[in-house]
Each structure stands twice: as structure tokens, then as C-alpha cells.
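This is work.cif (mmCIF, C-alpha atoms and all ligand atoms).
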```
data_entry
loop_
_atom_site.label_atom_id
_atom_site.label_comp_id
_atom_site.auth_asym_id
_atom_site.auth_seq_id
_atom_site.Cartn_x
_atom_site.Cartn_y
_atom_site.Cartn_z
CA PRO Q 13 -14.86 -0.21 -23.00
CA SER Q 14 -13.39 -3.68 -23.28
CA LEU Q 15 -10.21 -4.62 -21.43
CA GLU Q 16 -8.27 -4.60 -24.71
CA GLU Q 17 -8.75 -0.87 -24.89
CA ILE Q 18 -7.06 -0.30 -21.53
CA LEU Q 19 -3.51 0.87 -22.14
CA ASN Q 20 -2.27 1.99 -18.76
CA LEU Q 21 -3.15 2.16 -15.06
CA HIS Q 22 -4.63 5.65 -15.34
CA ASP Q 23 -7.31 4.27 -17.69
CA PHE Q 24 -8.83 2.20 -14.88
CA GLU Q 25 -9.50 5.35 -12.90
CA SER Q 26 -11.48 7.10 -15.63
CA ILE Q 27 -13.52 3.98 -16.35
CA ALA Q 28 -14.16 3.26 -12.68
CA LYS Q 29 -15.44 6.79 -12.24
CA GLN Q 30 -18.04 6.16 -14.92
CA VAL Q 31 -19.19 2.73 -13.84
CA MET Q 32 -18.86 2.67 -10.05
CA PRO Q 33 -21.67 3.52 -7.65
CA GLU Q 34 -21.22 7.12 -6.56
CA LYS Q 35 -20.68 6.13 -2.95
CA ALA Q 36 -17.92 3.68 -3.79
CA TRP Q 37 -16.20 6.17 -6.06
CA ALA Q 38 -16.34 8.75 -3.28
CA TYR Q 39 -14.71 6.39 -0.77
CA TYR Q 40 -11.99 5.07 -3.07
CA SER Q 41 -11.02 8.28 -4.79
CA SER Q 42 -11.26 10.69 -1.90
CA ALA Q 43 -8.31 12.15 -0.05
CA SER Q 44 -8.13 14.57 2.85
CA ASP Q 45 -8.93 18.28 2.96
CA ASP Q 46 -7.93 19.99 -0.28
CA GLU Q 47 -6.30 16.81 -1.64
CA ILE Q 48 -2.97 18.60 -2.14
CA THR Q 49 -0.95 15.61 -0.93
CA HIS Q 50 -3.01 13.28 -3.10
CA ARG Q 51 -2.08 15.26 -6.21
CA GLU Q 52 1.51 15.69 -5.09
CA ASN Q 53 1.96 11.92 -4.74
CA HIS Q 54 1.99 11.31 -8.46
CA ALA Q 55 3.32 14.76 -9.40
CA ALA Q 56 6.48 14.20 -7.34
CA PHE Q 57 7.57 11.49 -9.78
CA HIS Q 58 7.48 14.08 -12.57
CA ARG Q 59 10.43 15.85 -10.94
CA ILE Q 60 12.73 12.86 -11.31
CA TRP Q 61 14.44 12.20 -14.64
CA PHE Q 62 16.40 9.24 -15.95
CA ARG Q 63 20.06 8.94 -16.92
CA PRO Q 64 19.88 5.81 -19.06
CA ARG Q 65 22.94 3.79 -20.11
CA VAL Q 66 23.51 2.55 -23.64
CA LEU Q 67 25.21 -0.37 -25.40
CA ARG Q 68 24.38 -2.89 -22.74
CA ASP Q 69 22.97 -6.26 -23.64
CA VAL Q 70 19.30 -6.00 -22.79
CA THR Q 71 18.10 -9.05 -24.70
CA ARG Q 72 16.94 -10.47 -21.41
CA VAL Q 73 15.62 -8.23 -18.70
CA ASP Q 74 14.53 -9.44 -15.28
CA TRP Q 75 12.43 -7.36 -12.91
CA SER Q 76 11.76 -10.07 -10.36
CA THR Q 77 13.06 -9.55 -6.83
CA SER Q 78 12.39 -10.56 -3.25
CA VAL Q 79 10.54 -8.79 -0.48
CA LEU Q 80 11.20 -9.78 3.13
CA GLY Q 81 12.78 -12.94 1.75
CA HIS Q 82 9.88 -13.87 -0.54
CA LYS Q 83 10.07 -14.00 -4.30
CA THR Q 84 7.91 -11.66 -6.32
CA SER Q 85 7.69 -11.33 -10.09
CA MET Q 86 7.96 -7.54 -9.87
CA PRO Q 87 9.01 -4.98 -7.24
CA VAL Q 88 5.36 -4.09 -6.69
CA TYR Q 89 2.92 -5.38 -4.09
CA ILE Q 90 -0.82 -4.83 -3.84
CA THR Q 91 -1.21 -2.59 -0.82
CA ALA Q 92 -4.05 -2.70 1.70
CA THR Q 93 -7.20 -0.84 0.78
CA ALA Q 94 -10.32 -1.23 2.94
CA LEU Q 95 -13.87 -2.09 1.88
CA GLY Q 96 -13.35 -3.97 -1.36
CA LYS Q 97 -17.01 -4.89 -1.71
CA LEU Q 98 -17.99 -1.27 -2.22
CA GLY Q 99 -16.51 -1.67 -5.70
CA HIS Q 100 -17.28 -5.30 -6.55
CA PRO Q 101 -19.32 -8.10 -4.91
CA GLU Q 102 -16.26 -10.32 -4.59
CA GLY Q 103 -14.16 -7.60 -3.00
CA GLU Q 104 -10.54 -8.32 -2.05
CA VAL Q 105 -10.64 -11.88 -3.40
CA ASN Q 106 -10.36 -10.33 -6.87
CA LEU Q 107 -6.93 -9.11 -5.85
CA THR Q 108 -5.91 -12.49 -4.42
CA ARG Q 109 -6.68 -14.32 -7.66
CA ALA Q 110 -4.82 -11.91 -9.91
CA ALA Q 111 -1.89 -11.77 -7.47
CA ALA Q 112 -1.63 -15.57 -7.65
CA LYS Q 113 -1.60 -15.54 -11.42
CA HIS Q 114 1.22 -13.01 -11.56
CA GLY Q 115 3.26 -14.05 -8.53
CA VAL Q 116 2.91 -10.77 -6.70
CA ILE Q 117 2.30 -10.23 -3.00
CA GLN Q 118 -1.02 -9.01 -1.62
CA MET Q 119 -1.36 -7.10 1.64
CA ILE Q 120 -4.64 -8.00 3.35
CA PRO Q 121 -6.30 -5.06 5.15
CA THR Q 122 -7.74 -5.33 8.67
CA LEU Q 123 -10.83 -3.59 7.37
CA ALA Q 124 -11.37 -5.80 4.34
CA SER Q 125 -14.94 -6.51 3.24
CA CYS Q 126 -14.23 -10.19 2.73
CA SER Q 127 -13.32 -11.97 5.93
CA PHE Q 128 -9.63 -12.54 6.57
CA ASP Q 129 -10.08 -16.30 6.16
CA GLU Q 130 -11.91 -15.93 2.86
CA ILE Q 131 -8.97 -13.97 1.48
CA VAL Q 132 -6.43 -16.51 2.74
CA ASP Q 133 -8.56 -19.41 1.51
CA ALA Q 134 -8.67 -17.86 -1.97
CA ALA Q 135 -4.86 -17.97 -2.20
CA GLN Q 136 -2.97 -20.69 -4.05
CA PRO Q 137 -0.55 -22.94 -2.16
CA GLY Q 138 2.66 -21.00 -1.60
CA GLN Q 139 1.13 -17.65 -2.49
CA VAL Q 140 2.57 -14.92 -0.26
CA GLN Q 141 0.27 -12.58 1.64
CA PHE Q 142 0.99 -9.88 4.20
CA PHE Q 143 -1.38 -8.49 6.79
CA GLN Q 144 -2.01 -4.78 7.36
CA LEU Q 145 -2.92 -4.12 10.96
CA ARG Q 146 -5.00 -1.30 12.23
CA VAL Q 147 -5.04 -1.43 15.99
CA LEU Q 148 -8.67 -1.08 16.91
CA HIS Q 149 -10.50 -0.41 20.13
CA GLN Q 150 -13.19 -2.78 21.11
CA VAL Q 151 -15.91 -0.38 22.12
CA SER Q 152 -18.50 -1.39 24.71
CA VAL Q 153 -17.89 -4.76 26.38
CA TYR Q 154 -14.20 -5.18 25.78
CA VAL Q 155 -12.88 -1.85 27.05
CA ASN Q 156 -10.16 -3.46 29.16
CA LYS Q 157 -9.21 -6.04 26.65
CA ASP Q 158 -8.33 -3.87 23.69
CA ARG Q 159 -5.06 -5.51 22.90
CA GLU Q 160 -6.47 -9.02 23.28
CA VAL Q 161 -8.44 -8.49 20.09
CA THR Q 162 -5.34 -7.31 18.26
CA LYS Q 163 -3.32 -10.22 19.62
CA LYS Q 164 -5.91 -12.67 18.31
CA LEU Q 165 -5.94 -11.04 14.88
CA VAL Q 166 -2.17 -11.10 14.63
CA GLN Q 167 -1.70 -14.64 15.88
CA HIS Q 168 -4.46 -15.92 13.66
CA ALA Q 169 -2.78 -14.27 10.66
CA GLU Q 170 0.51 -15.92 11.56
CA GLN Q 171 -1.12 -19.33 11.98
CA ARG Q 172 -2.71 -18.97 8.58
CA GLY Q 173 0.70 -18.45 6.99
CA VAL Q 174 0.84 -14.68 6.54
CA LYS Q 175 4.46 -13.58 6.04
CA GLY Q 176 4.63 -10.02 7.31
CA LEU Q 177 2.79 -7.66 9.64
CA PHE Q 178 2.41 -4.09 8.37
CA ILE Q 179 1.30 -1.88 11.23
CA THR Q 180 -0.42 1.29 10.05
CA VAL Q 181 1.08 4.20 11.99
CA ASP Q 182 -0.21 7.23 10.09
CA ALA Q 183 -3.85 7.03 11.08
CA PRO Q 184 -4.55 7.66 14.79
CA GLN Q 185 -7.62 9.42 13.46
CA LEU Q 186 -8.96 9.31 9.95
CA GLY Q 187 -8.35 12.26 7.67
CA ARG Q 188 -11.22 14.46 6.60
CA ARG Q 189 -12.24 13.08 3.23
CA GLU Q 190 -14.96 15.45 2.26
CA LYS Q 191 -16.05 13.76 -0.95
CA ASP Q 192 -16.75 10.66 1.12
CA MET Q 193 -18.33 12.59 3.98
CA ARG Q 194 -21.00 13.96 1.68
CA MET Q 195 -22.26 10.41 1.13
CA LYS Q 196 -24.58 8.85 3.62
CA PHE Q 197 -23.40 5.44 4.66
CA GLU Q 198 -26.32 3.13 5.14
CA ALA Q 199 -26.61 0.91 8.18
CA GLU Q 200 -27.59 -2.12 6.18
CA ASP Q 201 -24.69 -1.79 3.77
CA PRO Q 202 -23.10 -5.24 3.56
CA SER Q 203 -19.74 -3.86 2.54
CA VAL Q 204 -18.54 -3.14 6.02
CA VAL Q 205 -17.55 -6.41 7.52
CA THR Q 206 -15.59 -5.25 10.49
CA LYS Q 207 -15.27 -8.11 12.87
CA SER Q 208 -14.89 -5.58 15.65
CA GLY Q 209 -18.63 -5.08 15.87
CA SER Q 210 -20.68 -2.10 14.98
CA GLU Q 211 -21.73 -0.35 18.14
CA GLY Q 212 -21.12 3.36 18.19
CA VAL Q 213 -20.63 3.58 14.46
CA ASN Q 214 -21.43 6.93 12.97
CA ARG Q 215 -23.02 6.13 9.65
CA SER Q 216 -24.22 9.56 8.75
CA GLN Q 217 -21.03 10.79 7.10
CA GLY Q 218 -19.41 8.47 4.65
CA ALA Q 219 -17.74 5.11 4.73
CA ALA Q 220 -14.51 6.30 6.32
CA ARG Q 221 -16.25 7.81 9.29
CA ALA Q 222 -18.40 4.73 9.70
CA ILE Q 223 -15.32 2.66 10.53
CA SER Q 224 -13.18 5.24 12.25
CA GLY Q 225 -14.72 4.95 15.70
CA PHE Q 226 -12.54 1.95 16.40
CA ILE Q 227 -9.05 3.30 15.93
CA ASP Q 228 -6.74 3.04 18.92
CA THR Q 229 -5.09 6.44 19.39
CA SER Q 230 -2.70 5.31 22.11
CA LEU Q 231 -0.32 3.25 19.99
CA LYS Q 232 3.32 4.19 20.70
CA TRP Q 233 6.94 3.11 20.08
CA ASP Q 234 7.05 0.99 23.28
CA ASP Q 235 4.25 -1.17 21.91
CA LEU Q 236 6.61 -2.60 19.29
CA ASN Q 237 8.11 -4.81 21.98
CA TRP Q 238 4.69 -6.16 22.72
CA PHE Q 239 4.15 -6.94 19.03
CA LYS Q 240 7.49 -8.77 18.97
CA SER Q 241 6.40 -10.81 21.98
CA ILE Q 242 3.20 -12.01 20.33
CA THR Q 243 4.43 -12.85 16.82
CA LYS Q 244 7.44 -14.05 14.87
CA MET Q 245 6.25 -12.36 11.68
CA PRO Q 246 8.51 -9.53 10.55
CA LEU Q 247 7.13 -6.13 11.62
CA ILE Q 248 6.95 -3.25 9.16
CA LEU Q 249 5.70 0.24 9.99
CA LYS Q 250 3.39 1.62 7.32
CA GLY Q 251 3.25 5.40 7.10
CA VAL Q 252 6.67 6.69 8.26
CA GLN Q 253 7.18 10.24 6.97
CA CYS Q 254 10.57 11.57 8.06
CA TRP Q 255 14.13 10.35 8.69
CA GLU Q 256 13.85 10.80 12.45
CA ASP Q 257 11.12 8.16 12.67
CA ALA Q 258 12.91 5.98 10.14
CA LEU Q 259 15.93 5.99 12.44
CA MET Q 260 13.78 5.13 15.45
CA ALA Q 261 12.20 2.29 13.49
CA TYR Q 262 15.60 0.93 12.52
CA ASP Q 263 16.84 1.17 16.10
CA ALA Q 264 13.67 -0.54 17.32
CA GLY Q 265 14.61 -3.53 15.19
CA VAL Q 266 11.70 -3.68 12.76
CA ALA Q 267 12.22 -5.35 9.38
CA GLY Q 268 11.20 -2.38 7.30
CA ILE Q 269 9.14 0.76 6.85
CA VAL Q 270 6.69 2.01 4.24
CA LEU Q 271 7.27 5.66 3.36
CA SER Q 272 3.69 6.63 2.73
CA ASN Q 273 1.08 9.27 3.41
CA HIS Q 274 -1.79 6.78 3.06
CA GLY Q 275 -2.59 7.81 -0.50
CA GLY Q 276 -3.14 11.42 0.59
CA ARG Q 277 -6.00 10.36 2.84
CA GLN Q 278 -4.50 11.42 6.17
CA LEU Q 279 -2.52 14.61 6.84
CA ASP Q 280 -2.91 17.00 3.93
CA PHE Q 281 0.45 18.61 3.01
CA ALA Q 282 2.30 15.48 4.06
CA ARG Q 283 5.13 14.93 1.57
CA SER Q 284 5.18 12.23 -1.07
CA GLY Q 285 6.74 8.88 -0.19
CA ILE Q 286 9.35 9.24 -2.93
CA GLU Q 287 10.57 12.51 -1.46
CA ILE Q 288 10.76 10.98 2.03
CA LEU Q 289 12.75 8.06 0.59
CA VAL Q 290 15.63 10.30 -0.50
CA GLU Q 291 15.86 11.90 2.93
CA VAL Q 292 15.67 8.56 4.77
CA VAL Q 293 18.36 6.93 2.61
CA ALA Q 294 20.74 9.86 3.14
CA HIS Q 295 20.31 10.02 6.92
CA LEU Q 296 20.46 6.28 7.53
CA LYS Q 297 23.66 6.14 5.54
CA GLU Q 298 25.15 9.02 7.50
CA LYS Q 299 23.99 7.97 10.95
CA ARG Q 300 24.00 4.17 10.77
CA GLY Q 301 26.22 3.43 7.80
CA LEU Q 302 23.42 1.65 5.93
CA SER Q 303 23.20 1.27 2.18
CA PHE Q 304 20.01 0.62 0.22
CA PRO Q 305 18.35 -1.50 -0.95
CA ASN Q 306 19.08 -3.33 2.27
CA GLU Q 307 18.09 -6.90 3.09
CA LYS Q 308 17.84 -6.37 6.84
CA PHE Q 309 15.96 -3.08 6.84
CA GLN Q 310 13.78 -2.73 3.77
CA LEU Q 311 12.33 0.51 2.49
CA PHE Q 312 9.00 0.58 0.70
CA VAL Q 313 7.17 3.49 -0.88
CA ASP Q 314 3.55 3.94 -1.83
CA GLY Q 315 1.35 6.72 -3.14
CA GLY Q 316 0.73 7.85 -6.71
CA ILE Q 317 2.67 5.04 -8.39
CA ARG Q 318 1.07 4.45 -11.78
CA ARG Q 319 3.84 3.44 -14.18
CA ALA Q 320 6.80 1.07 -14.13
CA THR Q 321 8.93 4.19 -14.59
CA ASP Q 322 7.63 5.45 -11.22
CA VAL Q 323 8.60 2.13 -9.66
CA LEU Q 324 12.05 2.16 -11.26
CA LYS Q 325 12.70 5.64 -9.87
CA ALA Q 326 11.93 4.37 -6.36
CA ILE Q 327 14.17 1.32 -6.90
CA ALA Q 328 17.02 3.52 -8.13
CA LEU Q 329 16.71 5.65 -5.01
CA GLY Q 330 16.91 2.67 -2.62
CA ALA Q 331 13.45 1.14 -2.23
CA THR Q 332 13.09 -2.65 -2.19
CA ALA Q 333 9.57 -2.54 -3.64
CA VAL Q 334 6.55 -0.25 -3.85
CA GLY Q 335 2.86 -0.53 -3.07
CA ILE Q 336 0.06 0.33 -5.46
CA GLY Q 337 -3.47 0.92 -4.17
CA ARG Q 338 -6.20 2.66 -6.13
CA PRO Q 339 -5.46 1.40 -9.66
CA PHE Q 340 -6.11 -2.19 -8.56
CA ILE Q 341 -9.37 -1.42 -6.78
CA TYR Q 342 -10.56 0.63 -9.75
CA ALA Q 343 -9.59 -2.30 -11.97
CA PHE Q 344 -11.69 -4.82 -10.07
CA SER Q 345 -14.56 -2.39 -9.62
CA ALA Q 346 -14.86 -2.18 -13.40
CA TYR Q 347 -13.75 -5.66 -14.51
CA GLY Q 348 -13.47 -7.94 -11.47
CA SER Q 349 -10.36 -10.05 -11.16
CA ASP Q 350 -9.67 -9.81 -14.93
CA GLY Q 351 -9.13 -6.09 -14.49
CA VAL Q 352 -6.45 -6.63 -11.85
CA ASP Q 353 -4.89 -9.29 -14.05
CA LYS Q 354 -4.74 -6.76 -16.89
CA ALA Q 355 -3.25 -4.07 -14.64
CA LEU Q 356 -0.45 -6.42 -13.60
CA GLN Q 357 0.11 -7.49 -17.19
CA ILE Q 358 0.47 -3.84 -18.22
CA LEU Q 359 3.05 -3.33 -15.49
CA HIS Q 360 5.04 -6.37 -16.68
CA GLU Q 361 5.12 -4.96 -20.21
CA GLU Q 362 6.16 -1.54 -18.92
CA PHE Q 363 8.99 -3.05 -16.85
CA GLU Q 364 10.35 -4.97 -19.80
CA MET Q 365 10.39 -2.03 -22.16
CA ASN Q 366 11.60 0.60 -19.71
CA MET Q 367 14.41 -1.52 -18.31
CA ARG Q 368 15.63 -2.13 -21.86
CA LEU Q 369 15.51 1.58 -22.56
CA LEU Q 370 17.32 2.31 -19.30
CA GLY Q 371 20.06 -0.20 -20.09
CA ALA Q 372 19.27 -2.20 -16.94
CA PRO Q 373 19.11 -5.98 -17.41
CA SER Q 374 18.15 -6.49 -13.76
CA LEU Q 375 16.95 -4.42 -10.83
CA LYS Q 376 20.50 -4.48 -9.43
CA ASP Q 377 21.47 -2.35 -12.41
CA VAL Q 378 18.89 0.28 -11.47
CA VAL Q 379 21.29 2.35 -9.38
CA PRO Q 380 21.15 5.91 -8.00
CA ALA Q 381 23.21 7.21 -10.93
CA MET Q 382 20.36 6.23 -13.23
CA VAL Q 383 18.18 9.04 -11.97
CA ASP Q 384 18.50 12.75 -11.55
CA ALA Q 385 16.47 13.63 -8.48
CA SER Q 386 18.07 17.01 -7.88
CA ASN Q 387 14.74 18.80 -8.41
CA LEU Q 388 12.69 16.38 -6.33
CA GLN Q 389 12.41 18.48 -3.19
CA SER Q 390 9.01 20.12 -3.03
CA HIS Q 391 10.34 23.40 -1.62
C1 LIG O 401 -6.29 2.95 1.64
N1 LIG O 401 -5.12 2.81 2.40
C2 LIG O 401 -5.16 2.08 3.57
N2 LIG O 401 -4.02 1.92 4.29
C3 LIG O 401 -4.03 1.21 5.44
O1 LIG O 401 -2.98 1.07 6.07
N3 LIG O 401 -5.20 0.67 5.90
C4 LIG O 401 -6.37 0.80 5.24
O2 LIG O 401 -7.40 0.30 5.67
C5 LIG O 401 -6.36 1.53 4.02
N4 LIG O 401 -7.52 1.69 3.31
C6 LIG O 401 -7.49 2.38 2.12
C7 LIG O 401 -8.66 2.48 1.38
C8 LIG O 401 -8.65 3.13 0.15
C9 LIG O 401 -9.91 3.21 -0.64
C10 LIG O 401 -7.45 3.69 -0.34
C11 LIG O 401 -7.39 4.38 -1.67
C12 LIG O 401 -6.29 3.60 0.40
C13 LIG O 401 -3.84 3.40 1.92
C14 LIG O 401 -3.11 2.45 0.98
O3 LIG O 401 -2.60 1.31 1.64
C15 LIG O 401 -1.92 3.15 0.30
O4 LIG O 401 -1.12 3.80 1.26
C16 LIG O 401 -2.36 4.13 -0.78
O5 LIG O 401 -3.55 3.72 -1.38
C17 LIG O 401 -1.29 4.27 -1.84
O6 LIG O 401 -1.64 5.24 -2.75
P1 LIG O 401 -2.31 4.97 -4.20
O7 LIG O 401 -1.54 3.87 -4.90
O8 LIG O 401 -3.72 4.62 -3.93
O9 LIG O 401 -2.14 6.28 -4.86
#
```

Please go through the file and, once you have read it, give me the structure as C-alpha cells.
Ligand code: FNR
Amino acid sequence: PSLEEILNLHDFESIAKQVMPEKAWAYYSSASDDEITHRENHAAFHRIWFRPRVLRDVTRVDWSTSVLGHKTSMPVYITATALGKLGHPEGEVNLTRAAAKHGVIQMIPTLASCSFDEIVDAAQPGQVQFFQLRVLHQVSVYVNKDREVTKKLVQHAEQRGVKGLFITVDAPQLGRREKDMRMKFEAEDPSVVTKSGSEGVNRSQGAARAISGFIDTSLKWDDLNWFKSITKMPLILKGVQCWEDALMAYDAGVAGIVLSNHGGRQLDFARSGIEILVEVVAHLKEKRGLSFPNEKFQLFVDGGIRRATDVLKAIALGATAVGIGRPFIYAFSAYGSDGVDKALQILHEEFEMNMRLLGAPSLKDVVPAMVDASNLQSH
């Protein structure tokens, strides 16, 4: 179908399923074990309802905001998803181009298919990009120099103008994504461009397993000081899943946290990010007197966000912005950069209409009283 026939972000998924190579579909769409968390991610938003306000002037509505001090045309960023070339020969650069056109922020993954520099080079002057860091082991020769590799990656990102470092903390080992495991991952596949080398890679069970041999399982809270010593970029922890860790993150002085279960690809039966958000906001208010959204400690949510209404629910509950993953990679797999452009355009249209209907001329007007989340808890 032509792009004109695409009406919402869900449409990209059904089209991608038809047109993508089976192996790519398996890697992108899979989630861990029985995929309960994956389904819950979007379903959780169905338990939150709006309390719109009427008779407010909504001639002009504005859904632009700022994230970590950087302007964005909408409270949505393109989150990190690995292996972009499985879906399209130009991989992550498709995201960079569409992000530039719409003034949204792109998070570059450590395990991108395009090289880091290619993705930065594809950006327009002034375009904001973040870097998602997976701390990897250097197998074989570099055993004693593990963190040197990470240090180089981080400092290179900073030198190239990246504005934030998102450290993935929910993946000390990769989840069991069985759809993906059933696919054989071929040694000569050009999609895996991990700069960390390829020794010891298990290619017999899917793309995820092919890259998982490198994950550093020893990462701990103390290491945050080391990160602070090697970079001035703001640090954000991606994959916090309860208030206790949110509190530790705040006390450790990071700039923000992403409440996320990695798109349901890690621990199955992990709760949805939106449910974690409510708990985190309540406890940080009680224990540290914080209110949200908060400039100094920003909360982000990802997982299952498919509509501007989903985003607005997260904003109402205290998030600064949200990440969207799969819809954008499905969009470029089917249509290249034009698909991502269309996805962002759809979101803009949804923001405009839904903020009018909510009676919220700006995101500041999207307050907790605008939602009823009393049935959100999954138990
Ligand atoms: C991811 N995600 C991810 N996260 C991360 O920190 N490092 C990574 O390399 C990847 N890779 C990755 C690949 C693919 C194919 C997917 C679908 C996801 C997780 C991602 O950043 C985000 O948490 C979820 O994708 C959000 O959920 P939705 O929007 O995909 O439902």
C-alpha cells in the first residue's frame, strides 16, 4: 500500500510484517518468553482514561517541549533499536533524516548497523542526538581493558556533539526471544556492524544471540562515578523498573531515568513503563519532595507507545517525554526515510487534535487531573 493509505502507527507494523525479510521481522518484533510484558506495554495505556476540560481557547495548540535542555517539536524521541540494516539497506540513517525534518531527537544505539560516525554525519547542523550505551566486553585480546573501549566510545560521542548518554541497565544478559532464536543468523550477514569485533559470536540462534556475547554483566551503581569522570554529557539510566532504583538514581545525581522494560525483550512479566511512572512519581514526591515534570531529574517512559493519546497520558502523569521504538523501524523497513517522516507527521496531527479535545493548549496544561489512572495497576 502507498504511504497515503497509512493512517496510524499500528499500520506500519502490519505492512512491515508482510514486506520484511522473515529474519528481520523476527528480530524486530520478538520479545522475551511468552511476550506477556510486550503485550502489556500497550495494553496498560488502555487502563488510563481522560478527564478533558471544556471551553478553553484551543485555537492554537503547542506540543513542543525540551528534553535535557534541548528543544524538540514533540515530547517524543526516537529510541535506540539495534541492527537497522536488517530492515533497510540505509539502516539508522533513515531515522536521522526524518528526525531532522521534524525536529525530534534520535537516540543512536551502540549496536547500530550504520557506524556511529555515519549516523552523526547524516545529521543536520544543530540536530540533537543522544547516545545509547551498552557496556560491552572486549573478548579475546582486550580482557583487561574492557572499560577502555567504553571510555573511547563515550568520549568520541561527546566530541562529535552528542547531548546525552543513555546507559542501558536492564540487559545484563539478553532476554530469550524465541521467534528470533528460531532464525539462523548467517556469519556473512552485513547487518551486524559491531565495532567490538566478532570473535566468540554465536550465530546459530538469531540476531540477538549473535551480539549478546559482548555484554558486560558486572556494571554496578559505583560505576556511575566513573562515567561522570570520563564525560560531561548528562547521564540517563535506561531501564529502571521500580521506585527504589529511581531513588538511587536520583541520589546518584544522574540527569534522568527511562522507565522501560526494553520493549518487552528482557524480563518477561516486568511491568509497563507507564505503571512504573506512577509509582516513581509518588515515591520521589514523598521521599525527596520532587514534583514532575522536573527539569533537574527527568522521567522518560518507553514501551508500547503508539498514539499521541498514549504520550499525553505519560505527560499528564509526570514524564518529560517518551521513546518510541518499533513503529519507526517498521516504517523505514517498508518505506525508508519517507516512512519515518510519515510516522512523525501522523503523531503531529494526533497531538494537535487530541490536545484540542483535551482542552490543553500546551503541554503544561496536561496535568495529573486530566487523567484517571485509578485502574492502571496491573494487580
Ligand atoms: C530495542 N531496544 C534496545 N534498547 C537498548 O537500550 N539497546 C538496544 O540495542 C536496543 N535494541 C532494540 C532492538 C529492537 C529491534 C527493539 C524493538 C528494541 C529497546 C528500545 O530502546 C525500547 O526500549 C523499546 O523498543 C520501546 O518499545 P516499543 O516502542 O518498541 O514498543

### Task
Please extract the residues at most 6 Å from ligand LIG 401 (chain O), counting all atoms listed in the file, and provide them as number ranges by chain, using the chain letters and residue numbers of this document.
Q: 39-40, 91-94, 121, 123, 180, 272, 274-275, 314-317, 336-338

Could you make a table, as a tab-separated table, of the residues of range 286-344 of chain Q that have an atom within 10 Å of an atom of range 51-74 of chain Q, each with its nearest atom pair and distance in Å to one decimal, counting only C-alpha atoms, in chain and number order?
```
residue	atom	partner	partner_atom	distance
Q:Ile286	CA	Q:Ala56	CA	7.2
Q:Glu287	CA	Q:Ala56	CA	7.4
Q:Asp314	CA	Q:Asn53	CA	8.6
Q:Gly315	CA	Q:Asn53	CA	5.5
Q:Gly316	CA	Q:His54	CA	4.1
Q:Ile317	CA	Q:His54	CA	6.3
Q:Arg318	CA	Q:His54	CA	7.7
Q:Arg319	CA	Q:Phe57	CA	9.9
Q:Thr321	CA	Q:Phe57	CA	8.8
Q:Asp322	CA	Q:Phe57	CA	6.2
Q:Val323	CA	Q:Phe57	CA	9.4
Q:Leu324	CA	Q:Phe62	CA	9.5
Q:Lys325	CA	Q:Ile60	CA	7.4
Q:Ala326	CA	Q:Phe57	CA	9.0
Q:Ala328	CA	Q:Phe62	CA	9.7
```

### Query
At what distance in Å, to one decimal, does CA of Phe304 in chain Q lie from CA of Ser374 in chain Q?
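Spanning CA of Ser374 in chain Q to CA of Phe304 in chain Q is a straight-line distance of 15.8 Å.
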
### Message
Ranking Q:Leu296, Q:Ala258, Q:Leu369, Q:Leu21 by minimum distance to Val270 in chain Q and counting only C-alpha atoms, which one comes first?
### Response
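Once distances to Val270 in chain Q are computed over only C-alpha atoms, the minimum belongs to Q:Ala258.
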
### Task
Can you work out the spacing between CA of Lys29 in chain Q and CA of Ser125 in chain Q in Å, to one decimal?
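These two atoms are separated by 20.4 Å.
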
### Query
Counting only C-alpha atoms, which of Q:Ile227, Q:Leu311, Q:Ala169, Q:Leu388 gets nearest to Gln253 in chain Q?
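The answer is Q:Leu311, which sits nearest to Gln253 in chain Q.
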
#### Entry: Nearest residue to Asp228 in chain Q from the set Q:Leu289, Q:Val181, Q:Ala343, Q:Ala43 (distances using all atoms listed in the file)
Q:Val181

### Task
May I ask which of the residues Q:Lys175, Q:Lys35, Q:His360, Q:Arg159 is the closest one to Gln141 in chain Q, counting all atoms listed in the file?
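With all atoms listed in the file as the atom set, the closest residue is Q:Lys175.
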
### Message
My list of candidates is Q:Gly81, Q:Met119, Q:Lys240, Q:Glu170. Which is closest to Thr332 in chain Q when distances are computed with only C-alpha atoms?
### Response
Q:Gly81
